[in-house]
file input_34.txt (compact mmCIF, C-alpha atoms)
# COMPACT_ATOMS: atom_id res chain seq x y z
CA MET A 1021 34.85 9.94 35.37
CA PHE A 1022 35.09 6.98 32.97
CA SER A 1023 36.79 4.63 35.46
CA GLU A 1024 34.27 5.47 38.23
CA THR A 1025 31.28 4.75 35.95
CA ALA A 1026 32.76 1.43 34.79
CA GLN A 1027 33.49 0.41 38.42
CA CYS A 1028 29.89 1.18 39.41
CA LEU A 1029 28.57 -0.95 36.57
CA LYS A 1030 30.79 -3.89 37.59
CA THR A 1031 29.58 -3.63 41.17
CA ALA A 1032 25.91 -3.60 40.09
CA ALA A 1033 26.38 -6.40 37.55
CA PRO A 1034 24.47 -9.07 39.56
CA LEU A 1035 21.42 -6.81 39.62
CA PHE A 1036 21.34 -6.35 35.86
CA SER A 1037 20.39 -8.86 33.22
CA GLN A 1038 23.22 -9.82 30.87
CA THR A 1039 21.55 -8.09 27.92
CA VAL A 1040 21.18 -4.77 29.75
CA LEU A 1041 24.78 -4.85 30.98
CA LEU A 1042 26.22 -5.51 27.53
CA LYS A 1043 24.08 -2.75 26.07
CA ASP A 1044 25.35 -0.23 28.63
CA LEU A 1045 28.98 -1.24 28.15
CA ARG A 1046 28.58 -0.93 24.39
CA CYS A 1047 27.29 2.61 24.83
CA LEU A 1048 30.23 3.47 27.08
CA PHE A 1049 32.86 2.22 24.69
CA THR A 1050 31.35 3.76 21.55
CA HIS A 1051 34.03 5.38 19.34
CA GLY A 1052 36.64 4.13 21.82
CA GLY A 1053 37.22 7.34 23.76
CA PRO A 1054 36.37 8.48 27.27
CA SER A 1055 35.47 11.95 26.00
CA HIS A 1056 32.19 10.55 24.55
CA VAL A 1057 31.14 8.77 27.75
CA GLN A 1058 28.03 9.97 29.57
CA ALA A 1059 27.10 8.81 33.06
CA ARG A 1060 23.77 6.95 33.33
CA ARG A 1061 21.81 6.30 36.51
CA HIS A 1062 19.41 3.44 37.05
CA PHE A 1063 16.87 4.05 39.79
CA GLY A 1064 15.03 0.74 39.29
CA VAL A 1065 16.33 -2.72 38.45
CA SER A 1066 14.09 -5.56 37.38
CA ARG A 1067 14.65 -8.85 35.55
CA SER A 1068 11.10 -8.89 34.21
CA LEU A 1069 11.52 -7.46 30.70
CA THR A 1070 8.20 -8.73 29.33
CA ALA A 1071 4.76 -9.21 30.82
CA LYS A 1072 2.22 -11.86 29.93
CA VAL A 1073 -1.23 -10.70 28.93
CA PRO A 1074 -3.81 -12.20 31.27
CA PRO A 1075 -6.24 -14.56 29.58
CA PRO A 1076 -9.73 -13.17 28.86
CA ARG A 1077 -12.36 -13.85 31.46
CA LYS A 1078 -14.92 -16.49 30.63
CA PRO A 1079 -18.47 -15.18 30.80
CA ARG A 1080 -20.40 -16.50 33.77
CA GLU A 1081 -23.08 -19.03 32.93
CA ARG A 1082 -26.62 -18.03 33.79
CA VAL A 1083 -28.58 -20.96 35.20
CA GLY A 1084 -32.29 -20.79 34.61
CA ILE A 1085 -34.46 -22.69 37.11
CA PRO A 1086 -38.03 -23.22 35.90
CA GLY A 1087 -40.63 -21.73 38.21
CA LEU A 1088 -38.08 -19.54 40.02
CA GLU A 1089 -37.77 -15.88 39.11
CA MET A 1090 -34.59 -13.95 39.77
CA VAL A 1091 -34.92 -10.84 41.92
CA THR A 1092 -33.19 -8.04 40.00
CA TYR A 1093 -32.57 -4.36 40.53
CA GLY A 1094 -34.16 -3.44 37.19
CA GLU A 1095 -37.16 -1.67 38.77
CA ARG A 1096 -34.94 0.42 41.04
CA MET A 1097 -32.95 1.75 38.06
CA HIS A 1098 -29.63 1.52 39.93
CA PHE A 1099 -27.23 -1.14 41.17
CA VAL A 1100 -28.16 -2.81 44.44
CA PRO A 1101 -25.72 -5.25 46.11
CA GLY A 1102 -27.15 -8.73 46.48
CA LEU A 1103 -29.68 -8.42 43.63
CA SER A 1104 -29.16 -9.96 40.20
CA LYS A 1105 -28.38 -7.99 37.08
CA PRO A 1106 -31.48 -7.62 34.88
CA VAL A 1107 -31.52 -9.19 31.40
CA ASN A 1108 -32.81 -6.58 28.94
CA PRO A 1109 -34.30 -7.48 25.57
CA HIS A 1110 -32.15 -6.87 22.47
CA TRP A 1111 -32.71 -3.39 21.10
CA GLU A 1112 -32.95 -3.16 17.32
CA ARG A 1113 -32.32 0.16 15.62
CA ASP A 1114 -34.85 1.53 13.18
CA TYR A 1115 -31.98 2.94 11.08
CA LYS A 1116 -28.88 1.44 9.46
CA ASP A 1117 -25.61 1.94 11.30
CA PRO A 1118 -22.62 0.26 9.54
CA ARG A 1119 -20.61 0.26 12.78
CA TYR A 1120 -23.01 -2.19 14.43
CA TYR A 1121 -24.04 -4.22 11.40
CA LYS A 1122 -24.33 -7.97 11.93
CA SER A 1123 -24.49 -10.15 8.87
CA PRO A 1124 -27.19 -12.81 8.77
CA PRO A 1125 -26.20 -16.48 8.88
CA ALA A 1126 -24.72 -17.81 5.64
CA HIS A 1127 -27.67 -20.13 4.93
CA GLU A 1128 -30.06 -17.14 5.03
CA MET A 1129 -28.17 -15.10 2.42
CA PRO A 1130 -29.70 -14.93 -1.10
CA LEU A 1131 -26.45 -16.10 -2.78
CA PHE A 1132 -26.07 -19.16 -0.56
CA LYS A 1133 -25.60 -22.47 -2.39
CA GLU A 1134 -25.17 -25.99 -1.11
CA LYS A 1135 -22.44 -26.71 -3.64
CA PRO A 1136 -19.14 -25.12 -2.50
CA CYS A 1137 -16.93 -22.91 -4.63
CA PHE A 1138 -13.12 -23.07 -4.34
CA VAL A 1139 -11.53 -19.61 -4.47
CA TYR A 1140 -7.91 -18.78 -5.33
CA ASN A 1141 -6.83 -15.31 -4.17
CA GLN A 1142 -3.56 -13.36 -4.04
CA ARG A 1143 -2.62 -14.85 -0.67
CA THR A 1144 -3.28 -18.50 -1.50
CA SER A 1145 -0.27 -20.75 -0.98
CA ALA A 1146 -0.93 -23.85 -3.07
CA LEU A 1147 0.74 -26.91 -1.57
CA GLU A 1148 1.81 -28.46 -4.89
CA GLY A 1149 2.72 -25.15 -6.50
CA VAL A 1150 2.93 -25.10 -10.29
CA ARG A 1151 1.82 -28.76 -10.60
CA GLN A 1152 -1.44 -27.92 -8.87
CA ALA A 1153 -1.95 -24.78 -10.96
CA LEU A 1154 -1.39 -26.76 -14.17
CA TRP A 1155 -4.14 -29.21 -13.22
CA LEU A 1156 -6.58 -26.46 -12.18
CA THR A 1157 -6.10 -24.58 -15.47
CA LYS A 1158 -5.76 -27.67 -17.73
CA THR A 1159 -2.42 -26.43 -19.04
CA LYS A 1160 0.65 -28.02 -20.60
CA LEU A 1161 4.01 -26.79 -19.28
CA ILE A 1162 6.83 -26.06 -21.74
CA PRO A 1163 10.23 -25.15 -20.16
CA GLY A 1164 11.93 -22.01 -21.46
CA LEU A 1165 10.57 -19.14 -23.54
CA PRO A 1166 9.45 -19.43 -27.20
CA PRO A 1167 12.41 -18.92 -29.60
CA GLN A 1168 10.52 -16.42 -31.76
CA LEU A 1169 10.07 -14.28 -28.67
CA LEU A 1170 13.74 -14.32 -27.67
CA SER A 1171 14.80 -13.31 -31.17
CA LEU A 1172 13.03 -9.95 -30.80
CA ALA A 1173 15.72 -8.54 -28.48
CA GLU A 1174 18.63 -9.87 -30.57
CA SER A 1175 18.09 -7.42 -33.41
CA PRO A 1176 20.19 -4.21 -33.03
CA ALA A 1177 17.15 -2.16 -34.09
CA ASN A 1178 15.27 -3.36 -31.00
CA GLN A 1179 18.03 -2.64 -28.49
CA ILE A 1180 18.60 0.43 -26.34
CA ALA A 1181 21.64 2.65 -26.80
CA ASP A 1182 24.28 1.78 -24.17
CA GLN A 1183 21.92 -0.91 -22.98
CA ASP A 1184 24.16 -2.78 -20.53
CA GLU A 1185 25.50 0.36 -18.91
CA ARG A 1186 22.04 1.85 -18.42
CA VAL A 1187 20.63 -1.38 -16.99
CA GLN A 1188 23.50 -1.57 -14.50
CA ASN A 1189 22.83 2.05 -13.51
CA ALA A 1190 19.17 1.14 -12.98
CA ILE A 1191 20.22 -1.69 -10.65
CA LYS A 1192 22.63 0.56 -8.75
CA HIS A 1193 19.93 3.21 -8.41
CA ALA A 1194 17.55 0.68 -6.84
CA ARG A 1195 20.14 -0.90 -4.54
CA PHE A 1196 22.47 2.00 -3.60
CA TRP A 1197 21.36 5.45 -4.69
CA ASP A 1198 17.64 5.46 -3.82
CA THR A 1199 18.04 5.02 -0.06
CA LYS A 1200 19.97 6.28 2.93
CA GLU A 1201 19.90 2.91 4.66
CA GLU A 1202 22.89 0.60 4.73
CA ARG A 1203 20.77 -2.28 3.49
CA PRO A 1204 17.39 -1.32 1.93
CA GLY A 1205 14.45 -3.65 2.22
CA LYS A 1206 13.57 -6.07 -0.55
CA GLU A 1207 10.09 -4.55 -0.91
CA LYS A 1208 11.61 -1.15 -1.70
CA TYR A 1209 14.40 -1.97 -4.10
CA SER A 1210 12.45 -4.62 -6.04
CA ASN A 1211 9.69 -2.11 -6.78
CA THR A 1212 12.21 0.58 -7.73
CA LEU A 1213 14.12 -1.79 -10.02
CA LEU A 1214 10.96 -2.92 -11.82
CA PHE A 1215 9.87 0.63 -12.60
CA ASN A 1216 13.42 1.54 -13.66
CA LEU A 1217 13.49 -1.31 -16.17
CA LEU A 1218 10.02 -0.44 -17.48
CA HIS A 1219 11.06 3.18 -17.91
CA LEU A 1220 14.18 2.03 -19.75
CA CYS A 1221 12.14 -0.13 -22.13
CA ALA A 1222 9.71 2.72 -22.76
CA THR A 1223 12.53 4.80 -24.32
CA LEU A 1224 12.06 2.70 -27.48
CA GLN A 1225 8.68 4.30 -28.12
CA SER A 1226 10.12 6.66 -30.75
CA SER A 1227 11.21 3.71 -32.92
CA HIS A 1228 8.23 1.49 -31.95
CA PRO A 1229 5.06 3.64 -31.90
CA ALA A 1230 2.88 0.69 -30.81
CA ILE A 1231 4.36 1.01 -27.30
CA GLY A 1232 2.34 4.23 -26.93
CA ARG A 1233 -0.88 2.21 -27.20
CA ARG A 1234 -0.35 0.71 -23.75
CA ILE A 1235 -1.00 1.78 -20.18
CA LEU A 1236 -0.04 0.55 -16.71
CA SER A 1237 -2.76 -0.25 -14.17
CA GLU A 1238 -2.51 -1.37 -10.58
CA LYS A 1239 -4.83 -2.39 -7.75
CA TYR A 1240 -7.54 -3.65 -10.09
CA SER A 1241 -9.80 -6.47 -8.91
CA LEU A 1242 -10.06 -9.58 -11.05
CA ALA A 1243 -12.78 -12.24 -10.92
CA ALA A 1244 -13.00 -15.34 -13.13
CA THR A 1245 -15.15 -18.47 -12.84
CA TRP A 1246 -14.82 -21.89 -14.46
CA LYS A 1247 -15.73 -25.52 -13.82
CA ARG A 1248 -13.25 -28.36 -13.48
CA GLY A 1249 -15.07 -31.64 -13.39
CA GLU A 1250 -17.99 -31.15 -11.01
CA ASP A 1251 -16.28 -28.47 -8.94
CA VAL A 1252 -16.62 -24.71 -9.34
CA PHE A 1253 -13.47 -22.57 -9.16
CA GLN A 1254 -12.95 -18.83 -8.97
CA ILE A 1255 -9.98 -16.46 -9.05
CA ARG A 1256 -10.48 -13.26 -7.09
CA GLY A 1257 -8.23 -10.50 -5.85
CA GLN A 1258 -5.59 -7.98 -6.81
CA ASN A 1259 -2.45 -9.38 -8.38
CA GLY A 1260 -0.28 -6.28 -8.82
CA LEU A 1261 0.77 -4.28 -11.85
CA LEU A 1262 -0.90 -4.87 -15.23
CA HIS A 1263 0.27 -3.66 -18.63
CA ASN A 1264 -2.86 -3.13 -20.72
CA CYS A 1265 -2.88 -2.71 -24.48
CA MET A 1266 -5.29 -1.57 -27.20
CA ASP A 1267 -4.27 -4.51 -29.42
CA ALA A 1268 -4.22 -8.19 -28.53
CA LEU A 1269 -0.94 -10.10 -28.44
CA PRO A 1270 -0.29 -12.39 -31.44
CA GLU A 1271 -0.46 -16.16 -31.07
CA VAL A 1272 2.70 -17.96 -30.01
CA SER A 1273 1.74 -21.48 -31.13
CA GLY A 1274 0.27 -22.40 -34.51
CA LYS A 1275 -2.82 -24.50 -35.11
CA GLN A 1276 -0.82 -27.70 -35.55
CA GLU A 1277 0.95 -27.29 -32.20
CA VAL A 1278 -2.37 -26.53 -30.52
CA ASP A 1279 -3.90 -29.75 -31.90
CA GLN A 1280 -0.94 -31.76 -30.59
CA THR A 1281 -1.75 -30.72 -27.01
CA ALA A 1282 -4.71 -33.14 -27.09
CA ASP A 1283 -2.21 -36.00 -26.66
CA HIS A 1284 -0.72 -34.47 -23.52
CA VAL A 1285 -1.69 -36.22 -20.25
CA LEU A 1286 -2.12 -34.00 -17.21
CA GLU A 1287 -0.09 -35.00 -14.17
CA SER A 1288 -2.17 -36.43 -11.34
CA LEU A 1289 -1.81 -35.04 -7.81
CA TYR A 1290 -3.03 -38.22 -6.08
CA PRO A 1291 -3.24 -38.70 -3.11
CA VAL A 1292 -3.34 -34.91 -2.65
CA SER A 1293 -6.63 -33.25 -3.54
CA PRO A 1294 -6.33 -30.55 -6.26
CA THR A 1295 -8.49 -28.25 -4.11
CA ILE A 1296 -6.10 -28.28 -1.16
CA ASP A 1297 -5.31 -24.84 0.32
CA LEU A 1298 -8.11 -23.19 -1.69
CA GLN A 1299 -10.72 -21.19 0.19
CA GLN A 1300 -14.07 -22.97 0.28
CA VAL A 1301 -17.15 -20.69 0.24
CA HIS A 1302 -20.89 -21.27 -0.06
CA VAL A 1303 -21.94 -17.66 -0.75
CA TYR A 1304 -20.91 -16.71 -4.29
CA LYS A 1305 -22.17 -15.75 -7.75
CA GLU A 1306 -22.19 -18.57 -10.26
CA GLU A 1307 -21.25 -16.54 -13.36
CA LEU A 1308 -18.80 -14.03 -11.88
CA ASN A 1309 -16.43 -12.77 -14.60
CA CYS A 1310 -14.97 -9.28 -14.30
CA THR A 1311 -11.80 -7.79 -15.77
CA GLY A 1312 -11.73 -5.04 -13.15
CA PHE A 1313 -12.43 -2.34 -15.77
CA ARG A 1314 -15.52 -0.90 -17.39
CA GLY A 1315 -16.81 -2.28 -20.65
CA ASP A 1316 -15.80 0.82 -22.65
CA TYR A 1317 -12.22 0.82 -21.31
CA PRO A 1318 -9.95 1.73 -24.28
CA TYR A 1319 -7.23 -0.76 -23.23
CA PRO A 1320 -9.16 -4.04 -22.96
CA HIS A 1321 -6.33 -6.51 -23.68
CA ALA A 1322 -3.98 -7.71 -20.92
CA HIS A 1323 -0.39 -7.62 -22.19
CA THR A 1324 1.92 -8.42 -19.24
CA LEU A 1325 1.37 -8.90 -15.52
CA TYR A 1326 4.18 -7.85 -13.18
CA PHE A 1327 4.46 -9.54 -9.77
CA LEU A 1328 6.67 -8.49 -6.85
CA GLU A 1329 7.58 -11.31 -4.49
CA GLY A 1330 7.66 -9.13 -1.37
CA ALA A 1331 4.85 -6.73 -2.22
CA ASP A 1332 2.51 -8.08 0.48
CA ALA A 1333 4.25 -7.96 3.86
CA GLY A 1334 1.49 -10.01 5.45
CA CYS A 1335 1.92 -12.94 3.06
CA LYS A 1336 5.29 -14.29 1.94
CA LEU A 1337 5.13 -17.06 -0.64
CA ARG A 1338 7.86 -19.55 -1.41
CA PRO A 1339 9.23 -19.49 -5.00
CA GLU A 1340 7.17 -22.50 -6.12
CA GLN A 1341 3.95 -21.02 -4.73
CA PHE A 1342 4.88 -17.62 -6.17
CA ARG A 1343 5.12 -19.13 -9.66
CA ALA A 1344 1.76 -20.85 -9.12
CA LYS A 1345 0.23 -17.48 -8.25
CA MET A 1346 1.67 -16.01 -11.46
CA LEU A 1347 0.17 -18.83 -13.53
CA MET A 1348 -3.27 -18.63 -11.90
CA PHE A 1349 -3.68 -14.86 -12.29
CA THR A 1350 -2.30 -14.90 -15.85
CA PHE A 1351 -4.82 -17.62 -16.66
CA GLY A 1352 -7.58 -15.61 -14.95
CA ASN A 1353 -6.94 -12.51 -17.08
CA ALA A 1354 -6.95 -14.61 -20.27
CA LEU A 1355 -10.12 -16.49 -19.24
CA VAL A 1356 -12.05 -13.30 -18.47
CA ARG A 1357 -11.11 -11.91 -21.88
CA ALA A 1358 -12.27 -15.13 -23.52
CA HIS A 1359 -15.62 -14.93 -21.69
CA THR A 1360 -15.99 -11.36 -22.95
CA LEU A 1361 -15.39 -12.40 -26.56
CA TYR A 1362 -17.08 -15.82 -26.65
CA ARG A 1363 -19.59 -15.48 -23.79
CA SER A 1364 -19.66 -17.93 -20.90
CA GLN A 1365 -20.35 -21.01 -23.01
CA PRO A 1366 -17.32 -23.37 -22.96
CA GLN A 1367 -15.42 -23.38 -26.28
CA ARG A 1368 -13.51 -26.53 -27.19
CA VAL A 1369 -11.05 -24.60 -29.35
CA LEU A 1370 -10.82 -20.81 -29.54
CA ASP A 1371 -10.73 -19.38 -33.05
CA HIS A 1372 -8.17 -16.84 -31.90
CA PRO A 1373 -6.17 -18.03 -28.86
CA ILE A 1374 -5.51 -15.43 -26.18
CA THR A 1375 -1.93 -14.75 -25.11
CA VAL A 1376 -0.98 -13.11 -21.81
CA GLN A 1377 2.54 -12.70 -20.34
CA ALA A 1378 3.82 -12.46 -16.78
CA VAL A 1379 7.06 -11.36 -15.11
CA GLY A 1380 7.83 -11.94 -11.43
CA THR A 1381 10.83 -10.69 -9.47
CA ASN A 1382 12.21 -10.20 -5.98
CA GLY A 1383 14.74 -7.56 -7.09
CA ARG A 1384 17.40 -10.04 -8.25
CA ILE A 1385 15.79 -13.29 -9.46
CA PHE A 1386 13.26 -13.13 -12.31
CA GLN A 1387 10.49 -15.49 -13.45
CA PHE A 1388 9.27 -15.21 -17.06
CA MET A 1389 5.99 -16.73 -18.24
CA VAL A 1390 3.92 -16.74 -21.44
CA LEU A 1391 0.43 -18.30 -21.41
CA GLN A 1392 -1.70 -19.11 -24.45
CA LEU A 1393 -5.36 -19.89 -23.76
CA ASN A 1394 -6.53 -22.38 -26.40
CA THR A 1395 -9.76 -23.63 -24.83
CA THR A 1396 -12.34 -22.70 -22.21
CA ASP A 1397 -13.75 -26.24 -21.99
CA LEU A 1398 -11.99 -27.16 -18.75
CA SER A 1399 -14.42 -29.71 -17.32
CA GLY A 1400 -12.55 -32.86 -18.45
CA ASP A 1401 -8.91 -33.92 -18.73
CA ASP A 1402 -9.15 -34.85 -22.41
CA GLY A 1403 -9.15 -32.63 -25.49
CA ILE A 1404 -7.17 -29.48 -26.26
CA LYS A 1405 -4.98 -28.10 -23.47
CA ASN A 1406 -3.75 -24.60 -22.77
CA GLN A 1407 -0.02 -23.87 -23.05
CA VAL A 1408 2.42 -22.07 -20.77
CA TRP A 1409 6.12 -21.34 -21.30
CA LEU A 1410 8.05 -20.85 -18.06
CA ASP A 1411 11.64 -19.69 -17.54
CA GLU A 1412 12.21 -19.81 -13.79
CA ASP A 1413 14.85 -18.57 -11.32
CA VAL A 1414 16.87 -16.41 -13.71
CA GLU A 1415 19.39 -14.18 -11.90
CA LEU A 1416 19.90 -10.65 -13.22
CA TYR A 1417 23.08 -10.22 -11.13
CA ASP A 1418 24.98 -12.11 -8.45
CA PHE A 1419 25.64 -9.54 -5.71
CA ALA A 1420 24.99 -5.89 -4.93
CA LYS A 1421 27.03 -5.08 -1.80
CA VAL A 1422 27.40 -1.75 -0.06
CA ARG A 1423 30.43 -3.10 1.79
CA PRO A 1424 32.75 -5.89 0.63
CA LEU A 1425 32.35 -9.37 2.09
CA ILE A 1426 35.64 -10.27 3.79
CA LYS A 1427 36.44 -13.70 5.25
CA LYS A 1428 39.82 -14.68 6.69
CA LYS A 1429 41.31 -11.37 5.51
CA GLN A 1430 40.31 -12.11 1.90
CA VAL A 1431 37.73 -10.21 -0.13
CA LYS A 1432 35.20 -12.82 -1.21
CA VAL A 1433 32.69 -10.38 -2.75
CA PRO A 1434 33.78 -6.84 -3.67
CA ALA A 1435 31.62 -3.81 -2.97
CA GLY A 1436 29.26 -2.66 -5.70
CA LEU A 1437 27.47 -4.61 -8.43
CA THR A 1438 29.01 -7.92 -9.51
CA GLY A 1439 27.94 -10.72 -11.83
CA TYR A 1440 25.60 -8.75 -14.11
CA LYS A 1441 23.98 -10.99 -16.78
CA PRO A 1442 22.87 -9.02 -19.86
CA GLU A 1443 20.89 -11.93 -21.38
CA VAL A 1444 18.31 -11.68 -18.56
CA PHE A 1445 17.37 -8.13 -19.45
CA SER A 1446 17.17 -9.22 -23.10
CA LYS A 1447 14.37 -11.61 -22.08
CA PHE A 1448 12.65 -8.81 -20.17
CA LEU A 1449 12.93 -6.55 -23.21
CA ALA A 1450 11.68 -9.30 -25.55
CA LEU A 1451 8.46 -9.71 -23.54
CA TYR A 1452 8.04 -5.93 -23.48
CA LEU A 1453 8.45 -5.61 -27.26
CA HIS A 1454 6.14 -8.55 -28.02
CA GLY A 1455 3.27 -7.17 -30.06
CA ALA A 1456 5.05 -3.89 -30.87
CA VAL A 1457 7.54 -5.16 -33.47
call {"tool": "encode", "arguments": {"input": "input_34.txt", "output": "structure tokens"}}
result
Amino acid sequence: MFSETAQCLKTAAPLFSQTVLLKDLRCLFTHGGPSHVQARRHFGVSRSLTAKVPPPRKPRERVGIPGLEMVTYGERMHFVPGLSKPVNPHWERDYKDPRYYKSPPAHEMPLFKEKPCFVYNQRTSALEGVRQALWLTKTKLIPGLPPQLLSLAESPANQIADQDERVQNAIKHARFWDTKEERPGKEKYSNTLLFNLLHLCATLQSSHPAIGRRILSEKYSLAATWKRGEDVFQIRGQNGLLHNCMDALPEVSGKQEVDQTADHVLESLYPVSPTIDLQQVHVYKEELNCTGFRGDYPYPHAHTLYFLEGADAGCKLRPEQFRAKMLMFTFGNALVRAHTLYRSQPQRVLDHPITVQAVGTNGRIFQFMVLQLNTTDLSGDDGIKNQVWLDEDVELYDFAKVRPLIKKKQVKVPAGLTGYKPEVFSKFLALYLHGAV
């Protein structure tokens, strides 16, 4: 049976495409035994595996000749060969039907303005990345995290029992135990790992009661407006997971360090325009500032924003653009809070600077960010600047392999979790405990 089927396939090989033939042979030799072979018959053979979609038809142009009327079949109420199709007037409904709604032209809308507004949303891929975001937000970049923040996780009282073992189990759960697939997708295991680490940090609530004054929110819509020079900028959209708190985060920089930012010179993007890759709209509200929550929301302060690199399958950002997105939405949350406290009038120096944190991950590499909003006067390049601390491309572990990686009969990477770095979770825990210690 097996030899006859193989001989038939060899005879019909010229009729098959190479891909189809290899696929059939692979099915025949599965598990290497003739007992598993099943005969297959092909009643039609064709090399055309794909078909092109025909292009859409162009509508026929109607030529109007003055003084000459077209003879149509409109009066006869049915199609008549040789007569033209009647042109009926547009019928307008006397009721509203959202299925057939047509928006008016932009210049007829009540919110239309001649001056454009440049919008940054969750899918914006800024060409210059963090450099462009620093100019838009008038911010000074400081590499690394503040030392007083990192010291929070070094104290034994602020650590979790069996911390390293439980973190490694959280990684294994996300990569190995939470799926039946040989290789789970990045969108799945990155989300699982983030919630595992947050759940692990929340076990310290018994020793740190302030952790109970927080709540996680997701899919909230943010809107913030500011002016940079003569241009109007807005941040709109949904950024991901937000850790809200009843109490504001303490300041990271003192007054003296804030005053020293006036000497910092912002990096120019010339010859690239700072508004490149931003959406340009003419229909917008001038003073649009919304936190995404009601005014009486009991958790008004943004604590930490959590970003997943592969959360949006329709938009994949490169690491530099991903960090720019983190900075822009962290700045937007801080700016909206400042507008709530100090109204929309620009403040040269805030009496109480606003601190917001951000953590981004793709399931293995982490980005840590702390932003302190010192001013809302963003029109010029001089004066007090905002501050951001950025620790980028920090690897939590090296490899998480279901099967070992073998090259030239040598095991290059063993199966399981390898290269775990405990200091990375200490940074994650330090940002989580900030404001609760």
call {"tool": "closest_atom_pairs", "arguments": {"input": "input_34.txt", "of": "segment 1203-1277 of chain A", "to": "segment 1335-1352 of chain A", "cutoff": "7 Å", "atoms": "all atoms listed in the file", "output": "JSON lines"}}
result
{"residue": "A:Ala1244", "atom": "CA", "partner": "A:Gly1352", "partner_atom": "CA", "distance": 5.7}
{"residue": "A:Ile1255", "atom": "CA", "partner": "A:Gly1352", "partner_atom": "CA", "distance": 6.4}
{"residue": "A:Asn1259", "atom": "CA", "partner": "A:Phe1349", "partner_atom": "CA", "distance": 6.8}
call {"tool": "closest_residue", "arguments": {"input": "input_34.txt", "among": "A:Ile1296, A:Ala1333, A:Ala1435, A:Met1266", "to": "Lys1192 of chain A", "atoms": "all atoms listed in the file"}}
result
A:Ala1435
call {"tool": "closest_residue", "arguments": {"input": "input_34.txt", "among": "A:Met1090, A:Ala1181, A:Ala1126, A:Leu1437", "to": "Ala1420 of chain A", "atoms": "only C-alpha atoms"}}
result
A:Leu1437
call {"tool": "atom_distance", "arguments": {"input": "input_34.txt", "atom1": "atom CA of Pro1366 of chain A", "atom2": "atom CA of Thr1157 of chain A"}}
result
13.5 Å
call {"tool": "residues_around", "arguments": {"input": "input_34.txt", "residues": "Leu1370 of chain A", "least_positions_apart": "4", "cutoff": "9 Å", "atoms": "only C-alpha atoms", "output": "ChimeraX atom specification"}}
result
/A:1358,1362,1374,1393-1396
